[in-house]
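**Q** Input structure: model.cif, which contains mmCIF, C-alpha atoms.
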```cif
data_my_file
loop_
_atom_site.group_PDB
_atom_site.id
_atom_site.type_symbol
_atom_site.label_atom_id
_atom_site.label_comp_id
_atom_site.auth_asym_id
_atom_site.auth_seq_id
_atom_site.Cartn_x
_atom_site.Cartn_y
_atom_site.Cartn_z
ATOM 1 C CA MET Y 1 137.796 130.389 98.307
ATOM 2 C CA LYS Y 2 135.184 132.876 99.555
ATOM 3 C CA GLU Y 3 133.322 132.650 96.247
ATOM 4 C CA LYS Y 4 133.040 128.861 96.551
ATOM 5 C CA ILE Y 5 131.649 129.150 100.064
ATOM 6 C CA LYS Y 6 129.267 131.867 98.924
ATOM 7 C CA LYS Y 7 128.044 129.703 96.004
ATOM 8 C CA LEU Y 8 127.611 126.756 98.351
ATOM 9 C CA ALA Y 9 125.659 128.862 100.852
ATOM 10 C CA VAL Y 10 123.384 130.205 98.107
ATOM 11 C CA SER Y 11 122.788 126.665 96.808
ATOM 12 C CA VAL Y 12 122.002 125.316 100.265
ATOM 13 C CA LEU Y 13 119.642 128.207 100.936
ATOM 14 C CA GLY Y 14 117.889 127.763 97.586
ATOM 15 C CA TYR Y 15 117.430 124.024 98.025
ATOM 16 C CA SER Y 16 116.213 124.559 101.600
ATOM 17 C CA ILE Y 17 113.582 127.022 100.423
ATOM 18 C CA ILE Y 18 112.412 124.635 97.692
ATOM 19 C CA ALA Y 19 112.323 121.730 100.169
ATOM 20 C CA GLY Y 20 110.335 123.874 102.596
ATOM 21 C CA ILE Y 21 107.787 124.820 99.935
ATOM 22 C CA ILE Y 22 107.406 121.173 98.911
ATOM 23 C CA LEU Y 23 106.952 120.161 102.554
ATOM 24 C CA ILE Y 24 104.285 122.842 103.036
ATOM 25 C CA ILE Y 25 102.406 121.621 99.951
ATOM 26 C CA ILE Y 26 102.616 117.987 101.109
ATOM 27 C CA ALA Y 27 101.449 119.006 104.592
ATOM 28 C CA ALA Y 28 98.466 120.907 103.181
ATOM 29 C CA ILE Y 29 97.438 117.958 100.992
ATOM 30 C CA ALA Y 30 97.888 115.569 103.920
ATOM 31 C CA ILE Y 31 95.800 117.688 106.280
ATOM 32 C CA ILE Y 32 92.987 118.164 103.752
ATOM 33 C CA SER Y 33 92.983 114.458 102.848
ATOM 34 C CA GLY Y 34 93.183 113.503 106.522
ATOM 35 C CA SER Y 35 90.199 115.725 107.281
ATOM 36 C CA ILE Y 36 88.155 114.049 104.567
ATOM 37 C CA MET Y 37 89.275 110.625 105.751
ATOM 38 C CA ARG Y 38 88.449 111.486 109.388
ATOM 39 C CA ILE Y 39 84.787 111.674 108.398
ATOM 40 C CA LEU Y 40 85.160 108.098 107.166
ATOM 41 C CA GLY Y 41 86.932 106.774 110.257
ATOM 42 C CA PHE Y 42 90.557 107.912 109.949
ATOM 43 C CA GLU Y 43 92.106 108.163 113.399
ATOM 44 C CA TYR Y 44 95.501 109.666 114.191
ATOM 45 C CA LYS Y 45 97.505 110.737 117.205
ATOM 46 C CA SER Y 46 98.856 114.027 115.830
ATOM 47 C CA VAL Y 47 99.023 116.218 112.741
ATOM 48 C CA GLY Y 48 102.584 114.954 112.302
ATOM 49 C CA SER Y 49 101.157 111.432 112.030
ATOM 50 C CA ILE Y 50 98.935 112.525 109.146
ATOM 51 C CA ILE Y 51 101.823 114.157 107.326
ATOM 52 C CA LEU Y 52 104.085 111.146 107.919
ATOM 53 C CA PHE Y 53 101.321 108.813 106.724
ATOM 54 C CA PHE Y 54 100.952 110.634 103.419
ATOM 55 C CA VAL Y 55 104.720 110.989 102.946
ATOM 56 C CA VAL Y 56 105.084 107.220 103.414
ATOM 57 C CA VAL Y 57 102.176 106.639 101.022
ATOM 58 C CA MET Y 58 103.826 108.887 98.425
ATOM 59 C CA VAL Y 59 107.234 107.200 98.756
ATOM 60 C CA VAL Y 60 105.803 103.676 98.638
ATOM 61 C CA GLY Y 61 103.330 104.587 95.915
ATOM 62 C CA PHE Y 62 105.752 106.397 93.587
ATOM 63 C CA PRO Y 63 106.913 103.275 91.669
ATOM 64 C CA LEU Y 64 103.335 102.005 91.562
ATOM 65 C CA ASP Y 65 102.154 105.387 90.293
ATOM 66 C CA ILE Y 66 104.579 105.162 87.393
ATOM 67 C CA LEU Y 67 103.198 101.716 86.507
ATOM 68 C CA SER Y 68 99.580 102.840 86.794
ATOM 69 C CA SER Y 69 100.253 105.537 84.209
ATOM 70 C CA ALA Y 70 102.726 103.762 81.926
ATOM 71 C CA PHE Y 71 100.803 100.553 81.340
ATOM 72 C CA PRO Y 72 97.530 102.139 80.126
ATOM 73 C CA ARG Y 73 99.528 104.659 78.056
ATOM 74 C CA ALA Y 74 101.368 101.788 76.398
ATOM 75 C CA LEU Y 75 98.080 100.061 75.590
ATOM 76 C CA VAL Y 76 96.670 103.240 74.036
ATOM 77 C CA SER Y 77 99.894 103.968 72.121
ATOM 78 C CA SER Y 78 100.027 100.449 70.704
ATOM 79 C CA GLY Y 79 96.405 100.681 69.578
ATOM 80 C CA TRP Y 80 95.180 97.903 71.850
ATOM 81 C CA SER Y 81 92.761 100.271 73.557
ATOM 82 C CA THR Y 82 91.100 103.603 72.941
ATOM 83 C CA GLU Y 83 91.891 106.714 74.945
ATOM 84 C CA ASN Y 84 88.699 106.343 77.001
ATOM 85 C CA GLN Y 85 89.466 102.695 77.758
ATOM 86 C CA GLY Y 86 92.972 103.736 78.781
ATOM 87 C CA ILE Y 87 91.525 106.345 81.148
ATOM 88 C CA VAL Y 88 89.229 103.774 82.775
ATOM 89 C CA PHE Y 89 92.123 101.330 83.114
ATOM 90 C CA PHE Y 90 94.308 104.106 84.547
ATOM 91 C CA VAL Y 91 91.697 105.022 87.173
ATOM 92 C CA ILE Y 92 91.310 101.367 88.182
ATOM 93 C CA LEU Y 93 95.077 100.779 88.421
ATOM 94 C CA ASP Y 94 95.796 104.080 90.164
ATOM 95 C CA THR Y 95 93.031 103.454 92.695
ATOM 96 C CA LEU Y 96 94.213 99.896 93.325
ATOM 97 C CA PHE Y 97 97.865 100.902 93.740
ATOM 98 C CA SER Y 98 96.936 103.798 96.050
ATOM 99 C CA VAL Y 99 94.842 101.397 98.136
ATOM 100 C CA VAL Y 100 97.853 99.087 98.443
ATOM 101 C CA SER Y 101 100.162 101.973 99.419
ATOM 102 C CA MET Y 102 97.753 103.324 102.033
ATOM 103 C CA ALA Y 103 96.984 99.886 103.429
ATOM 104 C CA LEU Y 104 100.712 99.170 103.837
ATOM 105 C CA ALA Y 105 101.302 102.519 105.536
ATOM 106 C CA ASP Y 106 98.302 101.915 107.816
ATOM 107 C CA TYR Y 107 99.526 98.426 108.691
ATOM 108 C CA PHE Y 108 103.021 99.541 109.684
ATOM 109 C CA MET Y 109 102.116 102.819 111.421
ATOM 110 C CA ASP Y 110 100.686 102.511 114.919
ATOM 111 C CA SER Y 111 99.942 106.241 115.123
ATOM 112 C CA VAL Y 112 97.214 106.071 112.461
ATOM 113 C CA SER Y 113 94.204 103.876 111.859
ATOM 114 C CA VAL Y 114 92.362 104.035 108.557
ATOM 115 C CA SER Y 115 89.145 102.306 107.590
ATOM 116 C CA ASP Y 116 89.028 100.388 104.331
ATOM 117 C CA LEU Y 117 86.255 102.663 103.075
ATOM 118 C CA ALA Y 118 88.349 105.792 103.728
ATOM 119 C CA ILE Y 119 91.313 104.282 101.875
ATOM 120 C CA LEU Y 120 89.133 103.344 98.916
ATOM 121 C CA ILE Y 121 87.403 106.727 98.652
ATOM 122 C CA ILE Y 122 90.599 108.810 98.952
ATOM 123 C CA SER Y 123 92.407 106.518 96.506
ATOM 124 C CA PHE Y 124 89.583 106.909 94.005
ATOM 125 C CA LEU Y 125 89.534 110.702 94.470
ATOM 126 C CA PHE Y 126 93.301 110.878 93.900
ATOM 127 C CA ALA Y 127 92.906 108.804 90.712
ATOM 128 C CA VAL Y 128 90.033 110.920 89.397
ATOM 129 C CA THR Y 129 91.972 114.135 89.981
ATOM 130 C CA SER Y 130 94.823 112.693 87.892
ATOM 131 C CA ILE Y 131 92.702 111.969 84.803
ATOM 132 C CA LYS Y 132 93.474 115.320 83.185
ATOM 133 C CA ASP Y 133 97.227 114.746 83.506
ATOM 134 C CA PHE Y 134 96.900 111.214 82.161
ATOM 135 C CA ARG Y 135 94.839 112.410 79.191
ATOM 136 C CA GLU Y 136 97.472 115.070 78.387
ATOM 137 C CA GLU Y 137 100.248 112.457 78.531
ATOM 138 C CA VAL Y 138 98.336 110.158 76.184
ATOM 139 C CA ARG Y 139 97.704 112.966 73.703
ATOM 140 C CA LYS Y 140 101.337 114.015 73.915
ATOM 141 C CA ASP Y 141 102.359 110.408 73.185
ATOM 142 C CA GLN Y 142 100.012 110.291 70.209
ATOM 143 C CA GLY Y 143 101.341 113.628 68.924
ATOM 144 C CA GLU Y 144 104.920 112.330 69.098
ATOM 145 C CA GLU Y 145 103.928 109.183 67.192
ATOM 146 C CA ASN Y 146 102.270 111.228 64.461
ATOM 147 C CA GLU Y 147 105.449 113.306 64.015
ATOM 148 C CA ASN Y 148 107.534 110.166 63.446
#
```
Produce structure tokens that represent the structure in this file.
**A**
Amino acid sequence: MKEKIKKLAVSVLGYSIIAGIILIIIAAIAIISGSIMRILGFEYKSVGSIILFFVVVMVVGFPLDILSSAFPRALVSSGWSTENQGIVFFVILDTLFSVVSMALADYFMDSVSVSDLAILIISFLFAVTSIKDFREEVRKDQGEENEN
């Protein structure tokens, strides 16, 4: 019985540490992004509001993020577009879906106010920083197709 409790305590502690690290990373990204957006008119009542804003954006945007990556990858894999065309399409979709996520979060949160320009610029920056990952996924997909 003591071993089960000990295993449970170790598991809870481990998951808590991982959750804490993830929260710290999300908070850092939110604060940096919020600082950039503040230059463009982002207003908030507290640092917690910034973090909550970006957590909501990430939760709402997760399904859209999957679509923004999967659809261009499918077009490239099927041969309907080149890798570069897929990247351009990915950036457009990812930016658009991030804009939608941020606009929804802004609309429903009274503690933040974001200008359309700030949403567009941050969404575009997020998409551009994801190009490398998208390119690697496309090349991995193409490598798997060549093996079959």
**Q** Would you compute the distance between atom CA of Y:Glu43 and atom CA of Y:Ile66? Give it in Å to one decimal.
**A**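 Atom-to-atom, atom CA of Y:Glu43 and atom CA of Y:Ile66 are spaced 29.0 Å apart.
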**Q** Can you tell me which residues surround stretch 91-106 of chain Y at a distance of at most 7 Å, considering all atoms listed in the file, apart from same-chain residues fewer than 2 positions away, and format the answer as JSON, numbers by chain?
**A** {"Y": [53, 56, 57, 60, 61, 64, 65, 68, 87, 88, 89, 108, 109, 112, 113, 114, 119, 120, 123, 124, 127, 128]}
**Q** So that I can see what lies close to Y:Gly86, please list as a list in words the residues with an atom at most 7 Å from it, counting all atoms listed in the file and leaving out residues fewer than 3 positions away in the same chain.
**A**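 Non-adjacent residues within range: Pro72, Arg73, Val76, Ser81, Thr82, Glu83, Phe89 and Phe90 of chain Y.
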**Q** Contacts between stretch 36-40 of chain Y and stretch 106-131 of chain Y, please, where a residue of stretch 106-131 of chain Y counts if it comes within 9 Å (with all atoms listed in the file); show its shortest atom pair and distance in Å to one decimal, rows by chain and ascending number, as CSV.
**A**
```
residue,atom,partner,partner_atom,distance
Y:Val114,CA,Y:Met37,CA,7.8
Y:Ser115,CA,Y:Leu40,CA,7.0
Y:Leu117,CA,Y:Leu40,CA,6.9
Y:Ala118,CA,Y:Leu40,CA,5.2
Y:Ile119,CA,Y:Met37,CA,7.7
Y:Ile121,CA,Y:Met37,CA,8.3
Y:Ile122,CA,Y:Met37,CA,7.2
```
**Q** Report the distance between atom CA of Y:Ile25 and atom CA of Y:Leu67 in Å, rounded to one decimal place.
**A**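 Distance reported for this atom pair: 24.0 Å.
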**Q** One number please: atom CA of Y:Lys132 to atom CA of Y:Ser35, in Å, one decimal.
**A**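 Distance reported for this atom pair: 24.3 Å.
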**Q** For Y:Asn84, which of Y:Val12, Y:Val47, Y:Val138, Y:Ile29 is the closest residue, counting only C-alpha atoms?
**A** Y:Val138
**Q** Which is closer to Y:Val55 than all the others in Y:Ala27, Y:Phe42, Y:Tyr107, Y:Ile5, using all atoms listed in the file?
**A**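 Once distances to Y:Val55 are computed over all atoms listed in the file, the minimum belongs to Y:Ala27.
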